[in-house]
Amino acid sequence: MSMNDPLGDMLTRIRNAQMRGKSTVRTPASKLRAWVLDVLQSEGYIRGYEHSTSTAGHPEIEISLKYADGAPAIRELKRISTPGRRVYSGVREIPQVRNGLGISVVSTPKGVMSDAAARAANVGGEVLCRVF
């Protein structure tokens with residue numbers, strides 16, 4: 001995973017940290033990453049996150065992972081749209097994840113939000129990733 005896909009990199013870091021049962025994971029800071037984390041937090045997939053600074057002085061985000069009975073709150077975290085293959089969806093085409101048990105994170109003109117929020121706001125956009 002190259003850094004041509006910073007969001008994909010963050011998702012991979014979260015997956016890897018969860019597999020090892022870590023309580024937190026750090027990722028370089030960016031607005032897009034923070035916006036996606038806002039959705040994951042509001043939907044209950046992570047405990048939260050804080051902005052911090054790496055030892056080298058670069059801005060970072062420290063993500064607090066969430067577990068239920070020792071199992072990660074996030075069972076699947078999949079990148080949908082990539083820098084090489086962008087995936088856009090009109091509001092009516094936004095995919096449901098596991099019949100609504102999961103969420104798609106969509107970057108819309110009104111901000112980054114869950115698929116349900118995008119449908120409610122009647123906006124489509126780039127389907128960044130899906131989570132369940």
# chains A, B, ... in the order shown; residues from 1 in each chain; ligands from 1

$ select_by_dssp --residues "chain A" --states "helix (DSSP H, G or I)" --output "ChimeraX atom specification"
/A:6-19,31-42,98-100,115-120

$ write_last_selection --atoms "N, CA, C and O atoms" --output "compact mmCIF listing (two decimals), in the first residue's frame"
# COMPACT_ATOMS: atom_id res chain seq x y z
N PRO A 6 -3.66 7.71 0.97
CA PRO A 6 -3.54 7.92 2.43
C PRO A 6 -4.71 7.32 3.21
O PRO A 6 -4.51 6.79 4.30
N LEU A 7 -5.93 7.40 2.65
CA LEU A 7 -7.09 6.86 3.36
C LEU A 7 -6.99 5.34 3.43
O LEU A 7 -7.22 4.73 4.47
N GLY A 8 -6.63 4.71 2.32
CA GLY A 8 -6.46 3.26 2.30
C GLY A 8 -5.40 2.84 3.30
O GLY A 8 -5.52 1.81 3.97
N ASP A 9 -4.35 3.65 3.41
CA ASP A 9 -3.28 3.36 4.37
C ASP A 9 -3.83 3.38 5.80
O ASP A 9 -3.54 2.49 6.60
N MET A 10 -4.66 4.38 6.11
CA MET A 10 -5.22 4.46 7.46
C MET A 10 -6.12 3.25 7.75
O MET A 10 -6.07 2.68 8.84
N LEU A 11 -6.95 2.87 6.77
CA LEU A 11 -7.84 1.72 6.98
C LEU A 11 -7.03 0.46 7.24
O LEU A 11 -7.37 -0.35 8.11
N THR A 12 -5.91 0.30 6.50
CA THR A 12 -5.05 -0.87 6.70
C THR A 12 -4.44 -0.84 8.10
O THR A 12 -4.36 -1.87 8.78
N ARG A 13 -4.02 0.34 8.55
CA ARG A 13 -3.45 0.46 9.89
C ARG A 13 -4.46 0.06 10.96
O ARG A 13 -4.13 -0.60 11.94
N ILE A 14 -5.72 0.48 10.76
CA ILE A 14 -6.78 0.13 11.72
C ILE A 14 -6.99 -1.38 11.73
O ILE A 14 -7.03 -2.01 12.79
N ARG A 15 -7.09 -1.99 10.53
CA ARG A 15 -7.27 -3.45 10.44
C ARG A 15 -6.13 -4.19 11.12
O ARG A 15 -6.35 -5.13 11.89
N ASN A 16 -4.90 -3.78 10.81
CA ASN A 16 -3.73 -4.47 11.38
C ASN A 16 -3.68 -4.34 12.90
O ASN A 16 -3.38 -5.30 13.60
N ALA A 17 -3.99 -3.15 13.40
CA ALA A 17 -3.94 -2.92 14.86
C ALA A 17 -5.01 -3.76 15.55
O ALA A 17 -4.78 -4.33 16.62
N GLN A 18 -6.18 -3.87 14.91
CA GLN A 18 -7.26 -4.67 15.50
C GLN A 18 -6.88 -6.14 15.55
O GLN A 18 -7.18 -6.84 16.50
N MET A 19 -6.22 -6.62 14.48
CA MET A 19 -5.82 -8.02 14.46
C MET A 19 -4.87 -8.32 15.62
O MET A 19 -4.86 -9.42 16.16
N LYS A 31 -7.25 16.08 6.84
CA LYS A 31 -8.65 16.43 7.03
C LYS A 31 -9.55 15.27 6.64
O LYS A 31 -10.49 14.94 7.35
N LEU A 32 -9.26 14.65 5.47
CA LEU A 32 -10.11 13.56 5.00
C LEU A 32 -10.13 12.43 6.02
O LEU A 32 -11.18 11.88 6.34
N ARG A 33 -8.95 12.06 6.54
CA ARG A 33 -8.89 10.99 7.54
C ARG A 33 -9.74 11.34 8.75
O ARG A 33 -10.48 10.50 9.26
N ALA A 34 -9.63 12.58 9.22
CA ALA A 34 -10.40 13.00 10.39
C ALA A 34 -11.90 12.94 10.10
O ALA A 34 -12.69 12.51 10.94
N TRP A 35 -12.29 13.36 8.88
CA TRP A 35 -13.72 13.33 8.53
C TRP A 35 -14.25 11.90 8.53
O TRP A 35 -15.36 11.65 8.99
N VAL A 36 -13.45 10.98 7.98
CA VAL A 36 -13.88 9.58 7.96
C VAL A 36 -13.97 9.05 9.39
O VAL A 36 -14.92 8.35 9.76
N LEU A 37 -13.00 9.42 10.22
CA LEU A 37 -13.01 8.97 11.62
C LEU A 37 -14.22 9.54 12.36
O LEU A 37 -14.78 8.88 13.23
N ASP A 38 -14.62 10.77 12.02
CA ASP A 38 -15.83 11.36 12.64
C ASP A 38 -17.03 10.45 12.39
O ASP A 38 -17.84 10.21 13.29
N VAL A 39 -17.15 9.95 11.16
CA VAL A 39 -18.28 9.08 10.82
C VAL A 39 -18.15 7.76 11.59
O VAL A 39 -19.10 7.27 12.19
N LEU A 40 -16.94 7.17 11.59
CA LEU A 40 -16.73 5.90 12.29
C LEU A 40 -17.06 6.06 13.78
O LEU A 40 -17.63 5.16 14.40
N GLN A 41 -16.71 7.22 14.34
CA GLN A 41 -16.99 7.45 15.76
C GLN A 41 -18.49 7.62 15.99
O GLN A 41 -19.07 7.00 16.88
N SER A 42 -19.14 8.44 15.16
CA SER A 42 -20.57 8.69 15.39
C SER A 42 -21.38 7.42 15.17
O SER A 42 -22.44 7.25 15.76
N ARG A 98 -24.67 -4.88 4.12
CA ARG A 98 -25.29 -5.92 4.93
C ARG A 98 -26.71 -5.55 5.35
O ARG A 98 -27.05 -5.56 6.54
N ASN A 99 -27.51 -5.15 4.38
CA ASN A 99 -28.91 -4.76 4.68
C ASN A 99 -29.00 -3.69 5.76
O ASN A 99 -29.91 -3.72 6.57
N GLY A 100 -28.05 -2.80 5.78
CA GLY A 100 -28.10 -1.71 6.75
C GLY A 100 -27.42 -2.03 8.07
O GLY A 100 -27.40 -1.19 8.97
N ASP A 115 -23.85 6.38 4.61
CA ASP A 115 -24.80 6.24 3.50
C ASP A 115 -26.20 6.68 3.92
O ASP A 115 -26.92 7.31 3.15
N ALA A 116 -26.60 6.35 5.15
CA ALA A 116 -27.94 6.73 5.61
C ALA A 116 -28.08 8.25 5.67
O ALA A 116 -29.09 8.82 5.26
N ALA A 117 -27.03 8.91 6.18
CA ALA A 117 -27.05 10.38 6.26
C ALA A 117 -27.08 10.99 4.87
O ALA A 117 -27.76 11.99 4.63
N ALA A 118 -26.35 10.38 3.93
CA ALA A 118 -26.33 10.90 2.55
C ALA A 118 -27.72 10.76 1.93
O ALA A 118 -28.19 11.68 1.26
N ARG A 119 -28.36 9.62 2.17
CA ARG A 119 -29.72 9.44 1.63
C ARG A 119 -30.67 10.46 2.24
O ARG A 119 -31.49 11.06 1.56
N ALA A 120 -30.53 10.68 3.56
CA ALA A 120 -31.40 11.64 4.24
C ALA A 120 -31.17 13.06 3.71
O ALA A 120 -32.10 13.84 3.58

$ residues_around --residues "His51 in chain A" --least-positions-apart "2" --cutoff "12 Å" --atoms "only C-alpha atoms" --output "ChimeraX atom specification"
/A:25-31,33-34,37,48-49,53-54,58-64

$ atom_distance --atom1 "CA of Arg20 in chain A" --atom2 "CA of Gly44 in chain A"
20.1 Å

$ residues_around --residues "Tyr45 in chain A" --least-positions-apart "5" --cutoff "8 Å" --atoms "only C-alpha atoms" --output "list in words"
Leu40, Leu65, Lys66, Ala73 and Ile74 of chain A

$ write_last_selection --atoms "N, CA and C atoms" --output "JSON list (two decimals), in the first residue's frame"
[["chain", "number", "residue", "atom", "x", "y", "z"],
["A", 40, "LEU", "N", -16.94, 7.17, 11.59],
["A", 40, "LEU", "CA", -16.73, 5.90, 12.29],
["A", 40, "LEU", "C", -17.06, 6.06, 13.78],
["A", 65, "LEU", "N", -9.31, 2.37, 19.35],
["A", 65, "LEU", "CA", -10.11, 1.30, 18.78],
["A", 65, "LEU", "C", -11.11, 0.77, 19.79],
["A", 66, "LYS", "N", -12.13, 0.13, 19.28],
["A", 66, "LYS", "CA", -13.22, -0.33, 20.12],
["A", 66, "LYS", "C", -13.38, -1.84, 19.99],
["A", 73, "ALA", "N", -14.79, -4.04, 17.13],
["A", 73, "ALA", "CA", -16.09, -3.50, 16.74],
["A", 73, "ALA", "C", -16.22, -3.49, 15.22],
["A", 74, "ILE", "N", -15.09, -3.34, 14.53],
["A", 74, "ILE", "CA", -15.11, -3.34, 13.06],
["A", 74, "ILE", "C", -14.75, -4.74, 12.58]]

$ residues_around --residues "Ile103 in chain A" --least-positions-apart "5" --cutoff "6 Å" --atoms "only C-alpha atoms" --output "JSON, numbers by chain"
{"A": [97, 130, 131]}

$ residues_around --residues "Ser81 in chain A" --least-positions-apart "2" --cutoff "8 Å" --atoms "only C-alpha atoms" --output "compact mmCIF listing (two decimals) with C-alpha atoms, in the first residue's frame"
# COMPACT_ATOMS: atom_id res chain seq x y z
CA ARG A 79 -11.75 0.65 0.61
CA PRO A 83 -7.11 6.89 -6.48
CA ARG A 85 -10.55 3.73 -9.67
CA ARG A 86 -12.92 6.29 -8.26
CA VAL A 87 -16.38 5.05 -7.38
CA TYR A 88 -19.19 7.59 -7.40
CA GLU A 126 -17.69 9.24 -3.74
CA VAL A 127 -18.08 5.96 -1.85
CA LEU A 128 -14.86 5.96 0.20
CA CYS A 129 -15.19 2.74 2.15

$ atom_distance --atom1 "CA of Phe132 in chain A" --atom2 "CA of Arg75 in chain A"
5.7 Å

$ atom_distance --atom1 "CA of Pro109 in chain A" --atom2 "CA of Glu43 in chain A"
20.1 Å
